[in-house]
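Read through the structure below, which is laid out as structure tokens, and then see the notes.
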Amino acid sequence: MKALHQNIELQVDEDRLAATLATPATQVPGVLFVHGWGGSQERDLERARQIAALGCVCLTFDLRGHAANSSRNETVTREENLADVVAAYDLLVSQQGVDPQSIAVVGSSYGGYLSAILTSMRPVRWLGLRVPALYKDNEWTVPKRRLDRAALAEYRSRPVSAHSNRALQACAAFKGDVLVVASEHDHLVPHQTMLSYRAACGNAHSMTFRIIDGADHALSDEADRRAYTTILVNWITEMVLGARSN
């Protein structure tokens, strides 16, 4: 990475010493992690540390209704959690040194759904979706806990067109790079939902699709969690290095 050099003076007692300050000539990418329903930022901390080592600024956070705010779990809505994601995005972009045109958003399950919608509200260059969930557009302000699970399961099991769903519509308009990661044995987000997301991303600059063999929705097995971390870190590395070479 190129650096800018600034000649300065260092004051020591009565003497002034010549010094040179080298700072990055370019800003660095920012990466926002959005956890799934029932999760927390804890699940992404190690991945954030590894990606930060690539020269990125990473932000993890807890959605309302989770972790220390779990008392809101029964009443929080998708509208409120989307507002959480927007606020987190704005906080990340406001950090010194973060390039607002080089933002990656990585969401899992419910967080993937919210992350997809975020791309229609804020500039996002890279979008990583692990087992992104899908919800009907109606009952947007109904507490998520009160949504009909059986109706959701039926909805996710059939093809959903981009124009009929807010998250998929956002994906259809997204022109950045996309990573979609599915679990082979996912009981909550079936393969058909993955195909709906994949089909919606037809205007993406690039599309990377991976399936973690034998994995369940929550990545309960440590080996599956490591596999996802490897996929994500390798993808982010490719995207960041590619951006720096341009």
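Naming works like this for the structure tokens: A, B, ... for the chains as they're shown, residue 1 at the start of each chain, ligands 1 onward in shown order.
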
For Gly39 of chain A, find every residue with an atom within 8 Å (counting only C-alpha atoms), except residues of its own chain fewer than 4 positions away, and show them as an mmCIF file with C-alpha atoms, in the first residue's frame.
```cif
data_model
loop_
_atom_site.group_PDB
_atom_site.id
_atom_site.type_symbol
_atom_site.label_atom_id
_atom_site.label_comp_id
_atom_site.auth_asym_id
_atom_site.auth_seq_id
_atom_site.Cartn_x
_atom_site.Cartn_y
_atom_site.Cartn_z
ATOM 1 C CA HIS A 35 -25.488 -11.859 12.988
ATOM 2 C CA ARG A 43 -20.033 -15.565 16.566
ATOM 3 C CA HIS A 66 -30.328 -10.045 21.414
ATOM 4 C CA ALA A 67 -27.487 -10.366 23.931
#
```

Can you pull out every residue within 12 Å of Val86 of chain A, counting only C-alpha atoms, but drop anything in the same chain fewer than 2 positions away, and send it as an MDAnalysis selection string?
-> chainID A and resid 32:34 61 63 79:84 88:93 105 114:124

How would the residues just chosen look if you wrote them out with N, CA and C atoms as an mmCIF file, in the first residue's frame?
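Output saved as again-v4.cif:
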```cif
data_model
loop_
_atom_site.group_PDB
_atom_site.id
_atom_site.type_symbol
_atom_site.label_atom_id
_atom_site.label_comp_id
_atom_site.auth_asym_id
_atom_site.auth_seq_id
_atom_site.Cartn_x
_atom_site.Cartn_y
_atom_site.Cartn_z
ATOM 1 N N LEU A 32 -18.734 -4.844 7.705
ATOM 2 C CA LEU A 32 -19.792 -4.882 8.711
ATOM 3 C C LEU A 32 -20.338 -6.291 8.807
ATOM 4 N N PHE A 33 -20.386 -6.841 10.016
ATOM 5 C CA PHE A 33 -20.940 -8.171 10.253
ATOM 6 C C PHE A 33 -22.328 -8.044 10.881
ATOM 7 N N VAL A 34 -23.291 -8.805 10.353
ATOM 8 C CA VAL A 34 -24.658 -8.796 10.883
ATOM 9 C C VAL A 34 -25.037 -10.228 11.249
ATOM 10 N N PHE A 61 -21.683 -6.129 15.946
ATOM 11 C CA PHE A 61 -22.593 -5.507 16.907
ATOM 12 C C PHE A 61 -23.747 -6.461 17.200
ATOM 13 N N LEU A 63 -27.775 -6.968 17.447
ATOM 14 C CA LEU A 63 -29.079 -6.442 17.082
ATOM 15 C C LEU A 63 -29.957 -6.283 18.311
ATOM 16 N N GLU A 79 -38.373 -4.001 10.998
ATOM 17 C CA GLU A 79 -38.131 -2.578 10.763
ATOM 18 C C GLU A 79 -37.115 -2.022 11.753
ATOM 19 N N GLU A 80 -37.228 -2.407 13.025
ATOM 20 C CA GLU A 80 -36.295 -1.931 14.043
ATOM 21 C C GLU A 80 -34.914 -2.519 13.836
ATOM 22 N N ASN A 81 -34.830 -3.805 13.509
ATOM 23 C CA ASN A 81 -33.520 -4.414 13.299
ATOM 24 C C ASN A 81 -32.839 -3.878 12.052
ATOM 25 N N LEU A 82 -33.610 -3.537 11.021
ATOM 26 C CA LEU A 82 -33.005 -2.908 9.848
ATOM 27 C C LEU A 82 -32.429 -1.549 10.226
ATOM 28 N N ALA A 83 -33.124 -0.828 11.090
ATOM 29 C CA ALA A 83 -32.602 0.458 11.572
ATOM 30 C C ALA A 83 -31.298 0.250 12.331
ATOM 31 N N ASP A 84 -31.190 -0.864 13.075
ATOM 32 C CA ASP A 84 -29.942 -1.185 13.767
ATOM 33 C C ASP A 84 -28.799 -1.354 12.770
ATOM 34 N N ALA A 88 -25.402 0.846 12.371
ATOM 35 C CA ALA A 88 -24.079 0.229 12.456
ATOM 36 C C ALA A 88 -23.256 0.563 11.219
ATOM 37 N N TYR A 89 -23.885 0.510 10.056
ATOM 38 C CA TYR A 89 -23.201 0.882 8.807
ATOM 39 C C TYR A 89 -22.681 2.314 8.895
ATOM 40 N N ASP A 90 -23.538 3.228 9.335
ATOM 41 C CA ASP A 90 -23.152 4.637 9.410
ATOM 42 C C ASP A 90 -22.007 4.849 10.401
ATOM 43 N N LEU A 91 -22.011 4.074 11.489
ATOM 44 C CA LEU A 91 -20.920 4.159 12.460
ATOM 45 C C LEU A 91 -19.614 3.689 11.836
ATOM 46 N N LEU A 92 -19.648 2.586 11.105
ATOM 47 C CA LEU A 92 -18.448 2.057 10.462
ATOM 48 C C LEU A 92 -17.882 3.062 9.458
ATOM 49 N N VAL A 93 -18.741 3.605 8.625
ATOM 50 C CA VAL A 93 -18.286 4.528 7.587
ATOM 51 C C VAL A 93 -17.707 5.811 8.184
ATOM 52 N N VAL A 105 -20.440 -5.992 3.501
ATOM 53 C CA VAL A 105 -21.422 -6.352 4.526
ATOM 54 C C VAL A 105 -21.577 -7.868 4.486
ATOM 55 N N LEU A 114 -31.397 -8.928 6.215
ATOM 56 C CA LEU A 114 -31.296 -7.495 6.499
ATOM 57 C C LEU A 114 -30.167 -6.856 5.696
ATOM 58 N N SER A 115 -29.064 -7.585 5.540
ATOM 59 C CA SER A 115 -27.917 -7.055 4.785
ATOM 60 C C SER A 115 -28.279 -6.831 3.327
ATOM 61 N N ALA A 116 -29.058 -7.749 2.761
ATOM 62 C CA ALA A 116 -29.480 -7.587 1.370
ATOM 63 C C ALA A 116 -30.294 -6.308 1.210
ATOM 64 N N ILE A 117 -31.218 -6.062 2.125
ATOM 65 C CA ILE A 117 -32.041 -4.851 2.058
ATOM 66 C C ILE A 117 -31.170 -3.605 2.238
ATOM 67 N N LEU A 118 -30.164 -3.696 3.094
ATOM 68 C CA LEU A 118 -29.272 -2.558 3.331
ATOM 69 C C LEU A 118 -28.658 -2.038 2.043
ATOM 70 N N THR A 119 -28.377 -2.932 1.092
ATOM 71 C CA THR A 119 -27.730 -2.501 -0.151
ATOM 72 C C THR A 119 -28.602 -1.542 -0.961
ATOM 73 N N SER A 120 -29.901 -1.506 -0.677
ATOM 74 C CA SER A 120 -30.792 -0.570 -1.368
ATOM 75 C C SER A 120 -30.847 0.776 -0.658
ATOM 76 N N MET A 121 -30.182 0.866 0.512
ATOM 77 C CA MET A 121 -30.248 2.075 1.326
ATOM 78 C C MET A 121 -28.896 2.754 1.505
ATOM 79 N N ARG A 122 -27.820 2.010 1.376
ATOM 80 C CA ARG A 122 -26.475 2.529 1.572
ATOM 81 C C ARG A 122 -25.541 1.916 0.536
ATOM 82 N N PRO A 123 -24.441 2.615 0.181
ATOM 83 C CA PRO A 123 -23.474 2.059 -0.787
ATOM 84 C C PRO A 123 -22.749 0.843 -0.199
ATOM 85 N N VAL A 124 -22.806 -0.272 -0.888
ATOM 86 C CA VAL A 124 -22.118 -1.499 -0.489
ATOM 87 C C VAL A 124 -21.387 -2.037 -1.711
#
```

In Å, rounded to a single decimal, give me how far atom CA of Ser109 of chain A is from atom CA of Ala227 of chain A.
-> 16.8 Å

Near Ala204 of chain A, within 9 Å and counting only C-alpha atoms, which residues show up once chain neighbours fewer than 2 positions away are dropped, as a PDB file with C-alpha atoms, in the first residue's frame?
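Contents of selection.pdb, freshly written:
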```pdb
ATOM      1  CA  CYS A 171     -30.150  -8.142  -4.720  1.00  0.00           C
ATOM      2  CA  ALA A 172     -31.397  -7.707  -8.290  1.00  0.00           C
ATOM      3  CA  ALA A 173     -30.320  -4.060  -8.226  1.00  0.00           C
ATOM      4  CA  PHE A 174     -26.955  -4.806  -6.584  1.00  0.00           C
ATOM      5  CA  LYS A 175     -23.976  -4.476  -8.931  1.00  0.00           C
ATOM      6  CA  GLY A 176     -21.132  -5.313  -6.589  1.00  0.00           C
ATOM      7  CA  ASP A 177     -19.531  -8.675  -5.801  1.00  0.00           C
ATOM      8  CA  VAL A 178     -21.571 -11.349  -4.014  1.00  0.00           C
ATOM      9  CA  CYS A 201     -28.146 -11.501  -8.089  1.00  0.00           C
ATOM     10  CA  GLY A 202     -28.045 -11.555 -11.867  1.00  0.00           C
ATOM     11  CA  SER A 206     -19.312 -11.425  -9.688  1.00  0.00           C
ATOM     12  CA  MET A 207     -21.121 -14.254  -7.937  1.00  0.00           C
TER      13      MET A 207
END
```

Which one of A:Met239, A:Leu168, A:Ala182, A:Ile231 sits closest to Asn203 of chain A if you count only C-alpha atoms?
->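 So, comparing all the options, the nearest one is A:Leu168.
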
Atom CA of Thr193 of chain A to atom CA of Tyr155 of chain A: how many Å, to one decimal?
->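 Separation between atom CA of Thr193 of chain A and atom CA of Tyr155 of chain A: 8.9 Å.
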
What are the DSSP strand (DSSP E) residues of segment 53-200 of chain A, as a list in words?
->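 After running DSSP on the backbone, segment 53-200 of chain A has strand (DSSP E) at Val57, Cys58, Leu59, Val98, Asp99, Pro100, Gln101, Ser102, Ile103, Ala104, Val105, Val106, Gly107, Ser108, Trp126, Leu127, Gly128, Leu129, Arg130, Asp177, Val178, Leu179, Val180, Val181, Ala182, Ser183, Glu184 and His185 of chain A.
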
Determine which residues of segment 101-190 of chain A DSSP labels as alpha helix (DSSP H) from the backbone of this structure, then write them out as a ChimeraX atom specification.
-> /A:110-118,149-156,166-173

Can you spit out the residues from that selection as a PDB file, in the first residue's frame, using N, CA and C atoms?
```pdb
ATOM      1  N   TYR A 110     -30.986 -14.437   9.218  1.00  0.00           N
ATOM      2  CA  TYR A 110     -31.778 -13.204   9.356  1.00  0.00           C
ATOM      3  C   TYR A 110     -30.907 -11.982   9.057  1.00  0.00           C
ATOM      4  N   GLY A 111     -29.663 -12.026   9.505  1.00  0.00           N
ATOM      5  CA  GLY A 111     -28.736 -10.931   9.227  1.00  0.00           C
ATOM      6  C   GLY A 111     -28.422 -10.802   7.748  1.00  0.00           C
ATOM      7  N   GLY A 112     -28.430 -11.919   7.021  1.00  0.00           N
ATOM      8  CA  GLY A 112     -28.226 -11.876   5.584  1.00  0.00           C
ATOM      9  C   GLY A 112     -29.391 -11.196   4.882  1.00  0.00           C
ATOM     10  N   TYR A 113     -30.588 -11.515   5.332  1.00  0.00           N
ATOM     11  CA  TYR A 113     -31.801 -10.875   4.801  1.00  0.00           C
ATOM     12  C   TYR A 113     -31.745  -9.363   4.997  1.00  0.00           C
ATOM     13  N   LEU A 114     -31.397  -8.928   6.215  1.00  0.00           N
ATOM     14  CA  LEU A 114     -31.296  -7.495   6.499  1.00  0.00           C
ATOM     15  C   LEU A 114     -30.167  -6.856   5.696  1.00  0.00           C
ATOM     16  N   SER A 115     -29.064  -7.585   5.540  1.00  0.00           N
ATOM     17  CA  SER A 115     -27.917  -7.055   4.785  1.00  0.00           C
ATOM     18  C   SER A 115     -28.279  -6.831   3.327  1.00  0.00           C
ATOM     19  N   ALA A 116     -29.058  -7.749   2.761  1.00  0.00           N
ATOM     20  CA  ALA A 116     -29.480  -7.587   1.370  1.00  0.00           C
ATOM     21  C   ALA A 116     -30.294  -6.308   1.210  1.00  0.00           C
ATOM     22  N   ILE A 117     -31.218  -6.062   2.125  1.00  0.00           N
ATOM     23  CA  ILE A 117     -32.041  -4.851   2.058  1.00  0.00           C
ATOM     24  C   ILE A 117     -31.170  -3.605   2.238  1.00  0.00           C
ATOM     25  N   LEU A 118     -30.164  -3.696   3.094  1.00  0.00           N
ATOM     26  CA  LEU A 118     -29.272  -2.558   3.331  1.00  0.00           C
ATOM     27  C   LEU A 118     -28.658  -2.038   2.043  1.00  0.00           C
ATOM     28  N   ARG A 149     -44.345 -19.477  11.512  1.00  0.00           N
ATOM     29  CA  ARG A 149     -43.200 -20.275  11.068  1.00  0.00           C
ATOM     30  C   ARG A 149     -43.567 -21.250   9.956  1.00  0.00           C
ATOM     31  N   ALA A 150     -44.763 -21.842  10.054  1.00  0.00           N
ATOM     32  CA  ALA A 150     -45.185 -22.795   9.027  1.00  0.00           C
ATOM     33  C   ALA A 150     -45.358 -22.097   7.684  1.00  0.00           C
ATOM     34  N   ALA A 151     -45.929 -20.898   7.714  1.00  0.00           N
ATOM     35  CA  ALA A 151     -46.111 -20.134   6.479  1.00  0.00           C
ATOM     36  C   ALA A 151     -44.760 -19.728   5.899  1.00  0.00           C
ATOM     37  N   LEU A 152     -43.798 -19.384   6.762  1.00  0.00           N
ATOM     38  CA  LEU A 152     -42.462 -19.038   6.300  1.00  0.00           C
ATOM     39  C   LEU A 152     -41.782 -20.229   5.642  1.00  0.00           C
ATOM     40  N   ALA A 153     -41.917 -21.400   6.270  1.00  0.00           N
ATOM     41  CA  ALA A 153     -41.291 -22.607   5.722  1.00  0.00           C
ATOM     42  C   ALA A 153     -41.844 -22.908   4.334  1.00  0.00           C
ATOM     43  N   GLU A 154     -43.142 -22.721   4.155  1.00  0.00           N
ATOM     44  CA  GLU A 154     -43.761 -22.970   2.850  1.00  0.00           C
ATOM     45  C   GLU A 154     -43.282 -21.950   1.837  1.00  0.00           C
ATOM     46  N   TYR A 155     -43.181 -20.712   2.257  1.00  0.00           N
ATOM     47  CA  TYR A 155     -42.743 -19.621   1.375  1.00  0.00           C
ATOM     48  C   TYR A 155     -41.319 -19.860   0.891  1.00  0.00           C
ATOM     49  N   ARG A 156     -40.457 -20.284   1.788  1.00  0.00           N
ATOM     50  CA  ARG A 156     -39.057 -20.499   1.447  1.00  0.00           C
ATOM     51  C   ARG A 156     -38.834 -21.735   0.586  1.00  0.00           C
ATOM     52  N   ARG A 166     -38.723  -7.748  -1.103  1.00  0.00           N
ATOM     53  CA  ARG A 166     -37.868  -6.576  -0.900  1.00  0.00           C
ATOM     54  C   ARG A 166     -36.383  -6.934  -0.888  1.00  0.00           C
ATOM     55  N   ALA A 167     -36.017  -8.004  -0.200  1.00  0.00           N
ATOM     56  CA  ALA A 167     -34.604  -8.392  -0.126  1.00  0.00           C
ATOM     57  C   ALA A 167     -34.084  -8.844  -1.483  1.00  0.00           C
ATOM     58  N   LEU A 168     -34.874  -9.649  -2.192  1.00  0.00           N
ATOM     59  CA  LEU A 168     -34.443 -10.132  -3.501  1.00  0.00           C
ATOM     60  C   LEU A 168     -34.419  -9.001  -4.524  1.00  0.00           C
ATOM     61  N   GLN A 169     -35.323  -8.045  -4.381  1.00  0.00           N
ATOM     62  CA  GLN A 169     -35.330  -6.885  -5.269  1.00  0.00           C
ATOM     63  C   GLN A 169     -34.051  -6.076  -5.091  1.00  0.00           C
ATOM     64  N   ALA A 170     -33.614  -5.947  -3.841  1.00  0.00           N
ATOM     65  CA  ALA A 170     -32.352  -5.250  -3.568  1.00  0.00           C
ATOM     66  C   ALA A 170     -31.188  -5.997  -4.198  1.00  0.00           C
ATOM     67  N   CYS A 171     -31.210  -7.329  -4.110  1.00  0.00           N
ATOM     68  CA  CYS A 171     -30.150  -8.142  -4.720  1.00  0.00           C
ATOM     69  C   CYS A 171     -30.136  -7.967  -6.241  1.00  0.00           C
ATOM     70  N   ALA A 172     -31.313  -7.861  -6.839  1.00  0.00           N
ATOM     71  CA  ALA A 172     -31.397  -7.707  -8.290  1.00  0.00           C
ATOM     72  C   ALA A 172     -30.787  -6.389  -8.744  1.00  0.00           C
ATOM     73  N   ALA A 173     -30.873  -5.375  -7.881  1.00  0.00           N
ATOM     74  CA  ALA A 173     -30.320  -4.060  -8.226  1.00  0.00           C
ATOM     75  C   ALA A 173     -28.846  -3.930  -7.849  1.00  0.00           C
TER      76      ALA A 173
END
```

Close residues, Asp186 of chain A itself excluded, 9 Å, only C-alpha atoms, min 3 positions apart in chain, as a list in words |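 Listing them by chain and then by number gives Val131, Ala182, Ser183, Val189, Pro190, His191, Ala215, Asp216, His217 and Ala218 of chain A.
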
Atomic separation - atom CA of Glu46 of chain A relative to atom CA of Trp126 of chain A, Å = 19.6 Å

Counting only C-alpha atoms, what is within 10 Å of Cys58 of chain A, bar same-chain residues fewer than 2 positions away, as a ChimeraX atom specification?
-> /A:29-33,45,47-53,55-56,60,92,98,103-105

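Considering the residues A:Thr26, A:Gly38, A:Thr229, A:Asp137 and counting only C-alpha atoms, Ser102 of chain A has its shortest atom-to-atom contact with A:Thr26.
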
Leu241 of chain A surroundings by only C-alpha atoms, 12 Å radius, close-in-sequence under 3 positions cut, as a PyMOL selection string | chain A and resi 1+28-29+54-56+102+233-238+244-246
